[in-house]
Amino acid sequence: MKMLTNSFKGTFIPPPFKNPFLFSAILAPFHSDSDSASHHRPQSVFDKITNLDDALQLFDQMTQRQPLPSVVKFTQLLQAVTKMQHYSSSIHLFKQMAAIRAPVDVYTTAIAIKCCCQMSCTSEGFAIVAYGFKRGIVPNVITFSTLLNGLILEDKILEAEGLFKKLIKEKLCEPNVVMYSTMIKGLCKVSINETAIALLRLMDERGCKPNVMTYSTIIDSLCKDEMVDDALKLFNEMVLHKGILPNVVTYTSLIRGLCISGRWDDASKMLREMEDERISPNVITYNILVDALCKEGMAEDAEVVLNIMVDRGKLPNLVTYNSLIDGFCLLGDMRKAKEVFDLMKIRGHVPDVVTYSSLLNGYCKKSMIDEALHLFHEITDKGIKPNVVTYNTMLHGLFHVGWCKDAHELFNEMRAHNQIPPNAYTYRIVLEGLCNNHQVDEALSLFRLMGENKHDLDIVLYNILIDGASKCGKPDISMVLFNELSTKGLHPDVWTYNVMIGCFCREGVVREAKRLFLQMEEKGCQPDCVTYNVFLRGLLKNGQHDTIKMMLEEMDAKSFKIDASTCSMLLDRISSTSLDDSLLKLIDYHAFDIRASTMEVSLGVCIKISTETPRYLTGKSPTLNGRWADASKMLKEMEDKGISPNVLTYTILVDALCKEGKAEDAEVVLNIMVDRGKLPNLVTYNSLILTSSVCEVT
DNA sequence: GTAGGGTTAG
């Protein structure tokens, strides 16, 4: 709080009113003793205050009046300042009121407490309660709800729960629907949805009826945790059993939940349903659709949504444009991204750090490093403060093109200024960047330095290093790191095991890989699809064919799919007759979705460099479904980098084209690969044959 | 006459 007050320690020199008309309007009630004209006034003249300077000057006038204006006038002024979100000013005014013994009551203190809470200083809010006590102000359910909300905003859920229980136990106030809803929000914030629902039941039992906000809070939380079906169940209960009408927020949460679960049809049904109920989607609803479509690589569809919203009179805002720009950047379509960028400026929106970070990401992704660096400097020139995401994006871009020295300098700049401290992602990007550029030793020494600085040494960083060391031919480092996990109190996760199994297989120590494979299950870490694929490739590579059949059967039982490179290896071994071709039956070609996830794995090198970049930052995996333009660009990019496509690369293209019904194009690719001296293999022909036979039947 | 809770972006 000292910090807050310090910024105000100078004397108050009220600036001239920006709006003289407003000045007289506000002062009018104080000049006349008669209130006869009061019913012609709007509800409160304080509503008319639109800027802080006017409010501060008015406050100054009020404090000089004799006698002082009523507590209500002061409270209204304080509320006006608070509504403008000038929380620190509100607190300052409240303190001035206290200093001059201006009247305060339970309403005034509630506003001041809210301001403290909004500034993440809930403890100051409690101090105000104590101050109020001294002046005979008894906190009520609103005061406590505000404090409860403050603790939740600060992520102090346990303390919030403690306060909530104390209030009930000591009968300090009777919780009402707002207080219950606030506590429910806190529980939802840490994803304890079951407890939140239990509290919903409890309040009902205690005779406090939940309302649409209470339900919406839980529905939203379930949606965020991708438990949309549970959310829909609760939605039905609310509407059908409790007769509570959903509103735009309820629908918006559900639509978002359906979108993130990829349930586009259901999302559009829900949109129709809400419109049938005559609830208009608002800007947020539309923005969610725009954003979800962009994240799925459907920026063009998102643009259609944007135009629909304009048609319906809902003006897109900064968030809308930022999502769309990001969407086109993700697609690598910088021309469209720039087009939207220009459009938003024409329509009067000022691009912010998010806008610029997206564009930066787009340039980095396309290896347009000069453009990226130019933009990076332009951001500061425009007076926009780059944030940690901006820096992370730039760092990622520099590593991606192998400019390790520049990346290192930028990283040092971040650390030196301490204005923008690196976060967990920064360290991931830097360590991974160094490893990808064969600088494992640098990565390792940086990592050790971080340990001294007591940075979060999480399992993800270990995974990056273990993998990096192994891939750079330093398996001994991988082993050391893996073995020290337990001394750091860290538990290997499925990634760690996958990386280590891959490491042992690479080194030809299949026995050790197998030991880990068995160990992970014992330790409660279930092998995933990647584990099986990695291990299977290890077995194939090292000629250990005896357990392969069993592995394939296990994968089948768990519905894990074989990825492209495993499949290719397997077929290669079968065709070279060292493996029983009855195994072919175990490879389900129809289930072999080579287009999307497999493509990522097989084109690993390229994808790592480019497509994964933005998704990596958001923690989601890329989807390349139907992104032909991108695929072809990627092919060009890899050729530009001197990486020749191999049989697998071509086969993926052939298969993807076949699955899209473009068998003729696939045949062209087949001819190209032959021309370039890459011989089509069994999978290549199978893809083509499968398509032709389907065509003939239908 | 004056106070509290739920939905969107990198």
# chains A, B, ... in the order shown; residues from 1 in each chain; ligands from 1
$ select_by_dssp --residues "region 180-269 of chain A" --states "alpha helix (DSSP H)" --output "ChimeraX atom specification"
/A:180-189,193-205,212-224,228-236,248-260,264-269
$ residues_around --residues "region 233-240 of chain A" --least-positions-apart "3" --cutoff "9 Å" --atoms "only C-alpha atoms (C1' of nucleotides)" --output "list in words"
Asn211, Val212, Tyr215, Ser216, Ile218, Ile219, Val228, Asp229, Asp230, Gly243, Ile244, Leu245, Pro246, Thr250 and Leu254 of chain A
$ write_last_selection --atoms "all heavy atoms" --output "compact mmCIF listing (two decimals), in the first residue's frame"
# COMPACT_ATOMS: atom_id res chain seq x y z
N ASN A 211 -28.67 -18.43 -8.86
CA ASN A 211 -29.24 -17.75 -10.02
C ASN A 211 -28.41 -18.04 -11.28
O ASN A 211 -27.53 -18.91 -11.25
CB ASN A 211 -29.37 -16.24 -9.75
CG ASN A 211 -28.03 -15.60 -9.47
OD1 ASN A 211 -26.98 -16.14 -9.79
ND2 ASN A 211 -28.06 -14.43 -8.85
N VAL A 212 -28.69 -17.32 -12.32
CA VAL A 212 -28.03 -17.60 -13.59
C VAL A 212 -26.50 -17.38 -13.50
O VAL A 212 -25.72 -18.10 -14.13
CB VAL A 212 -28.67 -16.78 -14.74
CG1 VAL A 212 -28.52 -15.28 -14.51
CG2 VAL A 212 -28.08 -17.17 -16.09
N TYR A 215 -24.89 -20.52 -11.77
CA TYR A 215 -24.80 -21.64 -12.71
C TYR A 215 -23.76 -21.36 -13.80
O TYR A 215 -22.97 -22.22 -14.16
CB TYR A 215 -26.17 -21.93 -13.33
CG TYR A 215 -26.99 -22.90 -12.51
CD1 TYR A 215 -27.99 -22.46 -11.65
CD2 TYR A 215 -26.75 -24.28 -12.59
CE1 TYR A 215 -28.74 -23.36 -10.89
CE2 TYR A 215 -27.49 -25.18 -11.85
CZ TYR A 215 -28.48 -24.72 -10.99
OH TYR A 215 -29.20 -25.61 -10.25
N SER A 216 -23.79 -20.13 -14.30
CA SER A 216 -22.88 -19.81 -15.40
C SER A 216 -21.43 -19.95 -14.99
O SER A 216 -20.58 -20.36 -15.79
CB SER A 216 -23.13 -18.38 -15.90
OG SER A 216 -24.41 -18.30 -16.43
N ILE A 218 -20.12 -22.08 -12.89
CA ILE A 218 -19.72 -23.50 -12.90
C ILE A 218 -19.70 -24.04 -14.33
O ILE A 218 -18.81 -24.78 -14.72
CB ILE A 218 -20.63 -24.35 -12.00
CG1 ILE A 218 -20.69 -23.75 -10.59
CG2 ILE A 218 -20.14 -25.79 -11.93
CD1 ILE A 218 -21.60 -24.47 -9.64
N ILE A 219 -20.71 -23.65 -15.10
CA ILE A 219 -20.77 -24.11 -16.49
C ILE A 219 -19.50 -23.68 -17.23
O ILE A 219 -18.88 -24.46 -17.95
CB ILE A 219 -22.04 -23.55 -17.18
CG1 ILE A 219 -23.28 -24.29 -16.66
CG2 ILE A 219 -21.95 -23.66 -18.71
CD1 ILE A 219 -24.60 -23.71 -17.08
N VAL A 228 -17.44 -30.55 -21.35
CA VAL A 228 -18.61 -29.88 -21.91
C VAL A 228 -19.89 -30.65 -21.62
O VAL A 228 -20.94 -30.04 -21.41
CB VAL A 228 -18.48 -29.72 -23.44
CG1 VAL A 228 -19.36 -28.59 -23.92
CG2 VAL A 228 -17.05 -29.48 -23.83
N ASP A 229 -19.80 -31.98 -21.63
CA ASP A 229 -21.02 -32.74 -21.40
C ASP A 229 -21.57 -32.50 -20.01
O ASP A 229 -22.78 -32.39 -19.82
CB ASP A 229 -20.76 -34.22 -21.67
CG ASP A 229 -20.60 -34.48 -23.17
OD1 ASP A 229 -21.40 -33.91 -23.94
OD2 ASP A 229 -19.68 -35.22 -23.55
N ASP A 230 -20.67 -32.41 -19.03
CA ASP A 230 -21.12 -32.09 -17.68
C ASP A 230 -21.71 -30.69 -17.64
O ASP A 230 -22.70 -30.44 -16.96
CB ASP A 230 -19.95 -32.19 -16.71
CG ASP A 230 -19.41 -33.60 -16.59
OD1 ASP A 230 -19.96 -34.36 -15.78
OD2 ASP A 230 -18.47 -33.95 -17.32
N GLY A 243 -35.87 -23.74 -13.85
CA GLY A 243 -36.59 -22.65 -14.53
C GLY A 243 -35.81 -21.35 -14.60
O GLY A 243 -36.41 -20.28 -14.68
N ILE A 244 -34.49 -21.46 -14.53
CA ILE A 244 -33.69 -20.24 -14.62
C ILE A 244 -33.33 -19.99 -16.08
O ILE A 244 -32.85 -20.90 -16.77
CB ILE A 244 -32.39 -20.37 -13.78
CG1 ILE A 244 -32.75 -20.61 -12.31
CG2 ILE A 244 -31.52 -19.14 -13.94
CD1 ILE A 244 -31.56 -21.02 -11.45
N LEU A 245 -33.58 -18.79 -16.57
CA LEU A 245 -33.30 -18.49 -17.98
C LEU A 245 -31.81 -18.23 -18.19
O LEU A 245 -31.21 -17.43 -17.48
CB LEU A 245 -34.10 -17.28 -18.43
CG LEU A 245 -35.60 -17.50 -18.59
CD1 LEU A 245 -36.29 -16.20 -19.00
CD2 LEU A 245 -35.89 -18.59 -19.62
N PRO A 246 -31.24 -18.91 -19.16
CA PRO A 246 -29.83 -18.63 -19.49
C PRO A 246 -29.74 -17.26 -20.15
O PRO A 246 -30.70 -16.79 -20.73
CB PRO A 246 -29.46 -19.72 -20.49
CG PRO A 246 -30.75 -20.18 -21.07
CD PRO A 246 -31.82 -19.91 -20.05
N THR A 250 -24.08 -17.29 -20.33
CA THR A 250 -24.22 -18.74 -20.25
C THR A 250 -23.97 -19.39 -21.61
O THR A 250 -23.19 -20.33 -21.75
CB THR A 250 -25.64 -19.13 -19.77
OG1 THR A 250 -26.13 -18.12 -18.90
CG2 THR A 250 -25.65 -20.47 -19.10
N LEU A 254 -20.81 -21.86 -23.10
CA LEU A 254 -21.07 -23.17 -23.71
C LEU A 254 -20.52 -23.22 -25.13
O LEU A 254 -19.92 -24.22 -25.54
CB LEU A 254 -22.57 -23.46 -23.70
CG LEU A 254 -23.12 -23.90 -22.34
CD1 LEU A 254 -24.63 -23.91 -22.36
CD2 LEU A 254 -22.58 -25.28 -21.97
$ interface_residues --of "chain A" --to "chain B" --cutoff "6 Å" --atoms "only C-alpha atoms (C1' of nucleotides)" --output "ChimeraX atom specification"
/A:72,75-76,107,110-111,142,145-146,178,181-182,213,216-217,249,252-253,284,287-288,319,323,354,358
$ write_last_selection --atoms "N, CA, C and O atoms" --output "compact mmCIF listing (two decimals), in the first residue's frame"
# COMPACT_ATOMS: atom_id res chain seq x y z
N VAL A 72 -23.32 10.52 1.27
CA VAL A 72 -23.79 9.97 0.00
C VAL A 72 -23.06 10.62 -1.17
O VAL A 72 -22.62 9.94 -2.12
N THR A 75 -19.65 9.29 -1.38
CA THR A 75 -19.68 7.90 -1.85
C THR A 75 -19.91 7.84 -3.35
O THR A 75 -19.28 7.06 -4.05
N GLN A 76 -20.80 8.69 -3.83
CA GLN A 76 -21.08 8.69 -5.27
C GLN A 76 -19.85 9.11 -6.07
O GLN A 76 -19.57 8.54 -7.12
N TYR A 107 -21.07 1.89 3.04
CA TYR A 107 -21.03 1.94 1.58
C TYR A 107 -19.66 2.45 1.11
O TYR A 107 -19.03 1.88 0.22
N ALA A 110 -16.94 -0.03 1.61
CA ALA A 110 -17.03 -1.15 0.67
C ALA A 110 -16.36 -0.79 -0.66
O ALA A 110 -15.66 -1.61 -1.25
N ILE A 111 -16.57 0.46 -1.09
CA ILE A 111 -15.94 0.88 -2.35
C ILE A 111 -14.42 0.90 -2.19
O ILE A 111 -13.69 0.39 -3.05
N ILE A 142 -22.01 -7.62 2.06
CA ILE A 142 -21.38 -7.04 0.86
C ILE A 142 -19.90 -6.79 1.10
O ILE A 142 -19.05 -7.13 0.26
N SER A 145 -18.22 -10.10 1.02
CA SER A 145 -18.17 -10.67 -0.34
C SER A 145 -17.05 -10.01 -1.15
O SER A 145 -16.36 -10.67 -1.93
N THR A 146 -16.91 -8.71 -0.94
CA THR A 146 -15.85 -7.98 -1.66
C THR A 146 -14.48 -8.52 -1.26
O THR A 146 -13.62 -8.75 -2.11
N VAL A 178 -24.82 -13.85 -3.79
CA VAL A 178 -23.56 -13.30 -4.32
C VAL A 178 -22.37 -13.92 -3.61
O VAL A 178 -21.38 -14.31 -4.25
N SER A 181 -21.91 -17.43 -4.72
CA SER A 181 -21.41 -17.47 -6.10
C SER A 181 -19.94 -17.10 -6.16
O SER A 181 -19.18 -17.66 -6.96
N THR A 182 -19.55 -16.15 -5.32
CA THR A 182 -18.15 -15.75 -5.30
C THR A 182 -17.27 -16.91 -4.84
O THR A 182 -16.23 -17.20 -5.44
N MET A 213 -26.08 -16.44 -12.68
CA MET A 213 -24.64 -16.21 -12.52
C MET A 213 -23.97 -17.39 -11.83
O MET A 213 -22.87 -17.79 -12.20
N SER A 216 -23.79 -20.13 -14.30
CA SER A 216 -22.88 -19.81 -15.40
C SER A 216 -21.43 -19.95 -14.99
O SER A 216 -20.58 -20.36 -15.79
N THR A 217 -21.14 -19.61 -13.74
CA THR A 217 -19.77 -19.72 -13.25
C THR A 217 -19.28 -21.17 -13.36
O THR A 217 -18.20 -21.44 -13.86
N VAL A 249 -24.16 -14.71 -21.42
CA VAL A 249 -22.92 -15.23 -20.83
C VAL A 249 -22.94 -16.76 -20.77
O VAL A 249 -21.96 -17.43 -21.11
N THR A 252 -22.50 -18.07 -24.19
CA THR A 252 -21.15 -17.81 -24.67
C THR A 252 -20.15 -18.83 -24.11
O THR A 252 -19.32 -19.36 -24.83
N SER A 253 -20.30 -19.11 -22.82
CA SER A 253 -19.41 -20.10 -22.20
C SER A 253 -19.56 -21.46 -22.87
O SER A 253 -18.58 -22.14 -23.17
N ILE A 284 -18.29 -10.53 -27.47
CA ILE A 284 -17.48 -11.61 -26.89
C ILE A 284 -17.85 -12.94 -27.53
O ILE A 284 -16.98 -13.74 -27.88
N ASN A 287 -16.31 -13.01 -30.84
CA ASN A 287 -14.85 -13.11 -30.74
C ASN A 287 -14.39 -14.53 -30.44
O ASN A 287 -13.37 -14.99 -30.93
N ILE A 288 -15.18 -15.22 -29.63
CA ILE A 288 -14.84 -16.60 -29.30
C ILE A 288 -14.88 -17.47 -30.55
O ILE A 288 -14.00 -18.30 -30.78
N VAL A 319 -9.85 -7.08 -29.81
CA VAL A 319 -9.68 -8.53 -29.62
C VAL A 319 -10.03 -9.29 -30.89
O VAL A 319 -9.32 -10.21 -31.29
N SER A 323 -7.33 -11.55 -32.98
CA SER A 323 -7.51 -12.99 -33.21
C SER A 323 -7.35 -13.30 -34.69
O SER A 323 -6.69 -14.27 -35.07
N VAL A 354 -0.29 -7.11 -28.35
CA VAL A 354 -0.76 -8.43 -28.80
C VAL A 354 -0.75 -8.48 -30.32
O VAL A 354 -0.29 -9.46 -30.94
N SER A 358 1.70 -10.99 -32.60
CA SER A 358 1.19 -11.96 -33.57
C SER A 358 1.92 -11.81 -34.90
O SER A 358 2.35 -12.79 -35.50
$ residues_around --residues "Val290 (chain A)" --least-positions-apart "4" --cutoff "7 Å" --atoms "only C-alpha atoms (C1' of nucleotides)" --output "CSV table (one decimal) with all heavy atoms, in the first residue's frame"
chain,number,residue,atom,x,y,z
A,286,TYR,N,-19.0,-13.5,-30.5
A,286,TYR,CA,-18.5,-13.6,-31.8
A,286,TYR,C,-16.9,-13.7,-31.8
A,286,TYR,O,-16.4,-14.5,-32.5
A,286,TYR,CB,-18.8,-12.3,-32.6
A,286,TYR,CG,-20.2,-12.3,-33.1
A,286,TYR,CD1,-21.1,-11.3,-32.6
A,286,TYR,CD2,-20.7,-13.2,-34.0
A,286,TYR,CE1,-22.5,-11.3,-33.1
A,286,TYR,CE2,-22.0,-13.2,-34.5
A,286,TYR,CZ,-22.9,-12.2,-34.0
A,286,TYR,OH,-24.2,-12.2,-34.4
A,294,CYS,N,-9.9,-19.4,-35.9
A,294,CYS,CA,-8.5,-19.1,-36.3
A,294,CYS,C,-7.5,-20.2,-35.7
A,294,CYS,O,-6.6,-20.6,-36.4
A,294,CYS,CB,-8.1,-17.7,-35.7
A,294,CYS,SG,-8.8,-16.4,-36.7
A,302,ALA,N,-13.2,-17.5,-40.2
A,302,ALA,CA,-13.3,-16.5,-39.1
A,302,ALA,C,-13.6,-15.1,-39.7
A,302,ALA,O,-14.4,-14.3,-39.1
A,302,ALA,CB,-12.0,-16.5,-38.3
A,305,VAL,N,-17.2,-14.8,-40.2
A,305,VAL,CA,-17.9,-14.4,-38.9
A,305,VAL,C,-17.8,-12.9,-38.6
A,305,VAL,O,-18.7,-12.3,-38.2
A,305,VAL,CB,-17.3,-15.3,-37.7
A,305,VAL,CG1,-17.9,-14.8,-36.4
A,305,VAL,CG2,-17.6,-16.8,-38.0
A,320,THR,N,-11.1,-8.9,-31.5
A,320,THR,CA,-11.5,-9.5,-32.8
A,320,THR,C,-10.4,-9.5,-33.8
A,320,THR,O,-10.0,-10.5,-34.4
A,320,THR,CB,-12.8,-8.8,-33.4
A,320,THR,OG1,-13.6,-8.3,-32.3
A,320,THR,CG2,-13.6,-9.8,-34.2
A,323,SER,N,-7.3,-11.6,-33.0
A,323,SER,CA,-7.5,-13.0,-33.2
A,323,SER,C,-7.3,-13.3,-34.7
A,323,SER,O,-6.7,-14.3,-35.1
A,323,SER,CB,-8.9,-13.4,-32.7
A,323,SER,OG,-9.0,-13.4,-31.4
A,324,LEU,N,-8.0,-12.5,-35.5
A,324,LEU,CA,-8.0,-12.7,-37.0
A,324,LEU,C,-6.5,-12.6,-37.5
A,324,LEU,O,-6.1,-13.4,-38.3
A,324,LEU,CB,-8.9,-11.8,-37.7
A,324,LEU,CG,-9.3,-12.2,-39.1
A,324,LEU,CD1,-9.9,-13.6,-39.1
A,324,LEU,CD2,-10.3,-11.2,-39.6
$ residues_around --residues "Lys471 (chain A)" --least-positions-apart "2" --cutoff "10 Å" --atoms "only C-alpha atoms (C1' of nucleotides)" --output "list in words"
Cys435, Asn436, His438, Val440, Leu465, Ile466, Asp467, Gly468, Ala469, Gly473, Lys474, Pro475, Ser478, Val499, Gly502, Cys503 and Arg506 of chain A
$ atom_distance --atom1 "CA of Arg573 (chain A)" --atom2 "CA of Gly538 (chain A)"
12.8 Å
